[in-house]
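Asker: Take this structure, written in structure tokens, and hold onto it; I'll ask about it next.
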Amino acid sequence: MRWFWILFFAVCPIAALVICIIAPGMDWWFPSEAGSPLGERIDSLFHLILYIVTGTFIGTQIAMVFVLWKSSKQDDERAWFSHGSHNLEVIWTIVPAGILLFIALYQMDVWAEYRVVSNFPKEARRAPVAEVMARQFEWRIRYPEPGRILQIQAQPTDLYAVNELIVPAAKPVMIYLKTQDVQHSFFLPELRVKQDAVPGQIIPVWFEATKPGEYDLVCAELCGWGHYKMGARVVALAEEEFAAAMEQLETEQSDDGFAESGDDDEE
Amino acid sequence: MSEAHPTTHDDAHGHGHEQGFVSKYIFSTDHKVIGIQFLVTTLLMLMVGGALALGVRWQLAFPWESMPIVGPMLFSGDGGQISPEFYTMLFTMHATVMIFLVIIPILAGAFGNFLIPLMIGADDMAFPVLNMLSYWFMWPAITCFFASFFCAGNGAAAGWTSYPVLSAIAESAPGSGMAQNWWLLGVTLVGVSSMMGSVNYMTTIINMRAPGMTLFRMPLTIWGMFITAILQAFALPVLTAAGFMLVADRLLGTCFFIPAGLVVNNADPTVGGGQSLLWQHLFWFYSHPAVYIMLLPAMGMVSDMLSAAARKPIFGYKPMVYSMAAIAGLGFIVWGHHMFTSGMNPALGMTFMTSTMMIALPSAIKTFNWIGTIWGGKIEFNTFTLNSIAFVSMFVVGGLSGIFMAAVPVDIYIHDTYFIVAHFHYVLFGATLFGVFGAIYFWYPKMFGRKMNDTLGKWHFFLTFLGANGTFFPMHLLGVAGMPRRYANPYLHDYLEHLLPMNQFMTYSAILMGSAQFLLLFNFAYSLFYGEKVGRNPWKANGLEWTAPSPPGHGNFDVLPVCYRGPYEYSSPLVEEDYLLQTEYIPPEGQKESKEEHAEPEHA
């Protein structure tokens with residue numbers, strides 16, 4: 001039984017490692033390559049921590065299995081009468097402290113870029129593309145009329161959409177995030193963006209979709225029974241297409257039903 | 001400090017003082033009976049919480065399919081299908097039951113009660129009646145939670161964190177009506193129970209230690225309980241106050257947490273000018289220290305068990321004590337790491353990240369010391385040893401995964417995904433519960449005078465360990481894949497669709513793990529009657545509790561124990577055997593003094 005348990009405690013961590021190694025190949029990993037420059041940096045920070053942590057994990061598990069093997073030998077020797085080692089304590093206090101402090105400091109600038117408003121890219125900060133208002137259980141989008149600047153207060157000329165946020169691709173964009181009722185969270189997994197929509201607050205969020213395309217937008221904060229289905233899309237379009245899409249939205253929404261020409265009457 | 005103690009022993013109590021059945025076993029003021037009452041109650045609640053978790057797992061593996069047996073019984077109207085409302089209630093109640101009715105009371109209530117007086121050499125708690133009340137306040141709390149569960153419409157479903165406005169406005173969810181009031185009342189009552197225990201433990205540990213039991217001769221279990229009691233006493237009032245504020249918002253029309261102008265579910269816009277973020281600060285100011293309340297006693301018990309298992313002194317006793325104290329101290333300044341995405345001032349994010357990183361340090365020190373304890377020992381793989389090793393092994397995973405979430409930029413992505421679910425299950429199940437299982441096997445002989453069956457115990461351990469890792473390890477991957485928590489049907493979203501098979505595997509593992517717990521219950525009940533009878537010290541351990549009879553009578557010890565050394569002098573060269581009881585007097589070489597002279601406590 002001795003070998004059984006030693007192997008048991010050895011095999012389980014090995015299995016964990018193997019699973020982590022094959023995970024990307026099995027599609028058990030990030031939903032896609034990070035679709036934004038900040039997302040790429042977040043991923044590289046993730047991987048940095050992953051390497052440090054994996055090293056520690058392997059080290060402690062090997063140490064554990066080794067001491068189990070050594071100390072479970074069946075012989076008549078007495079256990080080592082030791083109350084510890086001051087030197088070892090000092091080493092394993094200072095080394096992890098250094099590593100942890102390094103990790104903490106190394107993360108700061110990405111956080112500052114992501115959240116500190118004065119660090120937001122200027123172009124994004126000057127012209128927020130839309131206001132995203134979460135409610136049970138959908139995302140309501142309010143755009144300014146093309147050529148105007150988005151106001152905090154809704155304007156009569158504003159354009160509205162539900163569950164589809166159109167943004168220009170390949171440039172930083174900023175939105176105002178708010179909620180109409182309970183707390184929600186604006187989560188773009190492919191772009192590695194997450195920000196809670198807190199009742200009573202208007203929170204500026206910026207992100208950049210490197211490539212045009214459609215990205216999932218889901219809710220990441222429990223908001224009631226329909227939390228799971230609060231899905232929407234962020235559609236990133238090239239600059240001209242974005243402008244065209246906005247024009248089209250404006251045409252649709254200012255359409256009063258009277259066609260200027262009789263062309264569409266049959267439809 | 002311990003002056004009062006010898007006098008209490010001169011009382012008549014315990015000698016020819018007959019007790020009726022009710023005062024002996026039901027409304028008992030004996031700390032051992034109360035501890036066992038807590039243990040049995042919490043083990044039953046563990047099964048309830050586990051059943052709720054299996055409901056959650058079922059839905060994630062087989063969304064909207066009828067649950068076998070239970071489904072048709074509960075939801076015959078919907079063809080046995082779980083509704084999303086019911087699903088949100090399931091995970092809310094799972095967390096509530098597990099945290100408030102299992103982990104906190106099983107550590108502090110069951111083992112704290114049973115072990116503190118025995119390990120420090122006292123005849124009972126400082127306040128026996130208060131102690132009894134702390135148990136009996138559990139039942140109104142349990143009743144409230146069950147009332148919430150069975151409330152018309154839906155049970156409380158705002159998550160165990162109960163963030164307002166979801167939990168503050170009745171219109172916001174079917175479970176946010178009366179059920180939420182019951183839930184808040186239940187949390188308050190659990191808090192009352194914990195607070196009574198906490199005051200009692202602090203007083204007992206400070207005032208009632210046996211002669212010679214200095215603070216630095218206390219077993220680490222007692223240190224864990226002591227620090228936990230302090231954490232409870234300082235953190236709990238904040239939660240209680242926040243709970244009352246939320247109740248006031250719900251019932252009295254105040255607006256602590258409700259900002260103006262919200263339109264919830266087409267109701268009239270809210271008036272008021274509160275801040276829902278305030279709740280998060282208050283809640284986590286309690287609930288982060290609570291994480292350590294759910295961990296430190298287990299750390300202490302595992303230290304004691306590992307030392308006894310390895311027949312070797314604990315490696316670095318004082319660093320172990322200091323790191324527990326550091327965890328407790330730092331535990332009060334890290335609550336903001338639960339709120340990195342909440343929109344609080346970003347400067348706070350950096351501060352809390354640094355303090356959170358630093359709290360990993362004492363945990364690392366403890367892990368290294370546990371490994372150091374086994375190093376060079378003489379270990380035998382019996383059930384409590386295996387569970388203690390599993391504690392260390394799984395705590396490493398839980399601790400390391402915490403570093404990802406402590407790092408704010410990485411947390412932006414993995415916050416509120418299954419990564420966090422993996423993390424806290426590794427800590428709370430992987431570490432704490434394995435520690436508790438070990439402790440049950442280890443101290444069961446002291447509680448009942450019989451050993452639990454070792455073969456059954458090993459099977460229980462083996463299956464639970466496999467089941468737990470099979471359930472919780474893949475959660476890391478789900479988190480990295482971006483699967484948010486608390487989704488009744490994540491597969492609605494294209495990018496999560498392919499994760500269904502993995503979730504099914506996890507559910508099978510969870511079923512295995514859940515079924516394995518019946519082995520524990522069976523072993524527990526079976527050994528009461530058929531377990532091998534043991535004497536005072538079946539594990540040849542050093543602590544004071546092993547000098548008392550098994551089970552100890554009213555008043556615990558035959559004679560007042562006097563403590564001469566720390567509890568970890570295993571394999572000491574001073575004696576033939578590989579253990580050396582704390583009470584055993586060894587005259588220094590070349591001196592022939594009488595034992596009585598040495599009976600003076602060192603610190604007196």
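Here, A, B, ... name the chains of the structure tokens in the order displayed, residue numbers run from 1 inside each chain, and ligands are numbered from 1 in the same displayed order.
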Find the spatial neighbours of Phe384 in chain B, counting only C-alpha atoms, within a cut-off of 6 Å - ignore same-chain residues fewer than 2 positions away - and output them as a VMD selection string.

Answerer: chain B and resid 382 386 to 387 438 441 to 442

Asker: Which polymer residues have any atom within 12 Å of an atom of Met26 in chain A, counting only C-alpha atoms, with same-chain residues fewer than 2 positions away left out, as a list in words?

Answerer: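 These residues fall inside the cut-off: Val18, Ile19, Cys20, Ile21, Ile22, Ala23, Pro24, Trp28, Trp29, Phe30 and Pro31 of chain A; Leu477, Ala481, His498, Leu499, Pro501 and Met502 of chain B.
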
Asker: Point out the residue among B:Tyr564, B:Phe146, B:Phe461, B:Tyr526 with the least atom-to-atom distance to chain A, counting only C-alpha atoms.

Answerer: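 That would be B:Phe461, the residue with the smallest distance to chain A.
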
Asker: To one decimal place, how far is CA of Leu52 in chain B from CA of His94 in chain B in Å?

Answerer: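 Separating CA of Leu52 in chain B from CA of His94 in chain B is a distance of 5.3 Å.
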
Asker: Excluding same-chain residues fewer than 2 positions from range 189-194 of chain A, what lies within 10 Å of it counting only C-alpha atoms, as a PyMOL selection string?

Answerer: (chain A and resi 30-43+114+185-187+196-197+205-210+214-220) or (chain B and resi 340-342+409-416+480-484+495)

Asker: Restricted to C-alpha atoms, what would the selected residues look like written as a short mmCIF file (atom, residue, chain, number, x, y, z; two decimals), in the first residue's frame?

Answerer:
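The resulting file, result35.cif, is reproduced below:
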```
data_model
loop_
_atom_site.label_atom_id
_atom_site.label_comp_id
_atom_site.auth_asym_id
_atom_site.auth_seq_id
_atom_site.Cartn_x
_atom_site.Cartn_y
_atom_site.Cartn_z
CA PHE A 30 -8.87 30.86 -24.44
CA PRO A 31 -11.83 31.25 -26.78
CA SER A 32 -9.54 32.83 -29.37
CA GLU A 33 -6.31 34.74 -29.69
CA ALA A 34 -6.72 38.03 -27.89
CA GLY A 35 -8.49 40.34 -30.32
CA SER A 36 -7.15 43.55 -28.84
CA PRO A 37 -3.69 44.96 -28.05
CA LEU A 38 -4.50 45.21 -24.37
CA GLY A 39 -5.88 41.68 -24.47
CA GLU A 40 -2.58 40.45 -25.86
CA ARG A 41 -0.77 42.04 -22.95
CA ILE A 42 -3.24 40.51 -20.51
CA ASP A 43 -2.61 37.12 -22.10
CA TYR A 114 -7.07 49.82 -18.88
CA SER A 185 -21.13 43.07 -16.20
CA PHE A 186 -19.95 43.89 -19.72
CA PHE A 187 -17.78 40.97 -20.76
CA ASP A 196 -19.35 45.75 -14.14
CA ALA A 197 -22.27 48.01 -14.86
CA VAL A 205 -14.75 51.60 -20.73
CA TRP A 206 -12.35 51.49 -23.63
CA PHE A 207 -11.25 48.67 -25.88
CA GLU A 208 -9.90 48.10 -29.33
CA ALA A 209 -10.83 45.32 -31.72
CA THR A 210 -7.75 44.77 -33.84
CA GLU A 214 -18.11 39.85 -34.59
CA TYR A 215 -17.36 39.35 -30.94
CA ASP A 216 -19.49 37.88 -28.17
CA LEU A 217 -20.79 40.18 -25.50
CA VAL A 218 -22.09 38.40 -22.41
CA CYS A 219 -23.08 39.33 -18.89
CA ALA A 220 -20.70 38.28 -16.15
CA PHE B 340 -11.52 44.58 -9.27
CA THR B 341 -14.09 44.86 -12.04
CA SER B 342 -16.65 46.73 -9.97
CA PRO B 409 -5.14 42.79 -15.39
CA VAL B 410 -5.46 39.01 -15.55
CA ASP B 411 -8.46 39.23 -13.26
CA ILE B 412 -10.18 41.47 -15.79
CA TYR B 413 -10.52 38.41 -17.95
CA ILE B 414 -11.03 35.62 -15.43
CA HIS B 415 -13.15 37.51 -12.92
CA ASP B 416 -16.55 35.86 -12.43
CA VAL B 480 -9.76 30.21 -19.15
CA ALA B 481 -12.22 29.41 -21.91
CA GLY B 482 -14.29 32.31 -20.61
CA MET B 483 -17.30 30.50 -19.19
CA PRO B 484 -19.00 32.85 -16.72
CA TYR B 495 -17.96 30.24 -27.89
#
```

Asker: Looking only at helix (DSSP H, G or I) from DSSP on the backbone, list the matching residues of range 37-239 of chain A as a ChimeraX atom specification.

Answerer: /A:37-71,86-115,117-119,122-126,227-229,239

Asker: Work out how far CA of Thr188 in chain B is from CA of Thr29 in chain B, in Å to one decimal.

Answerer: 23.1 Å
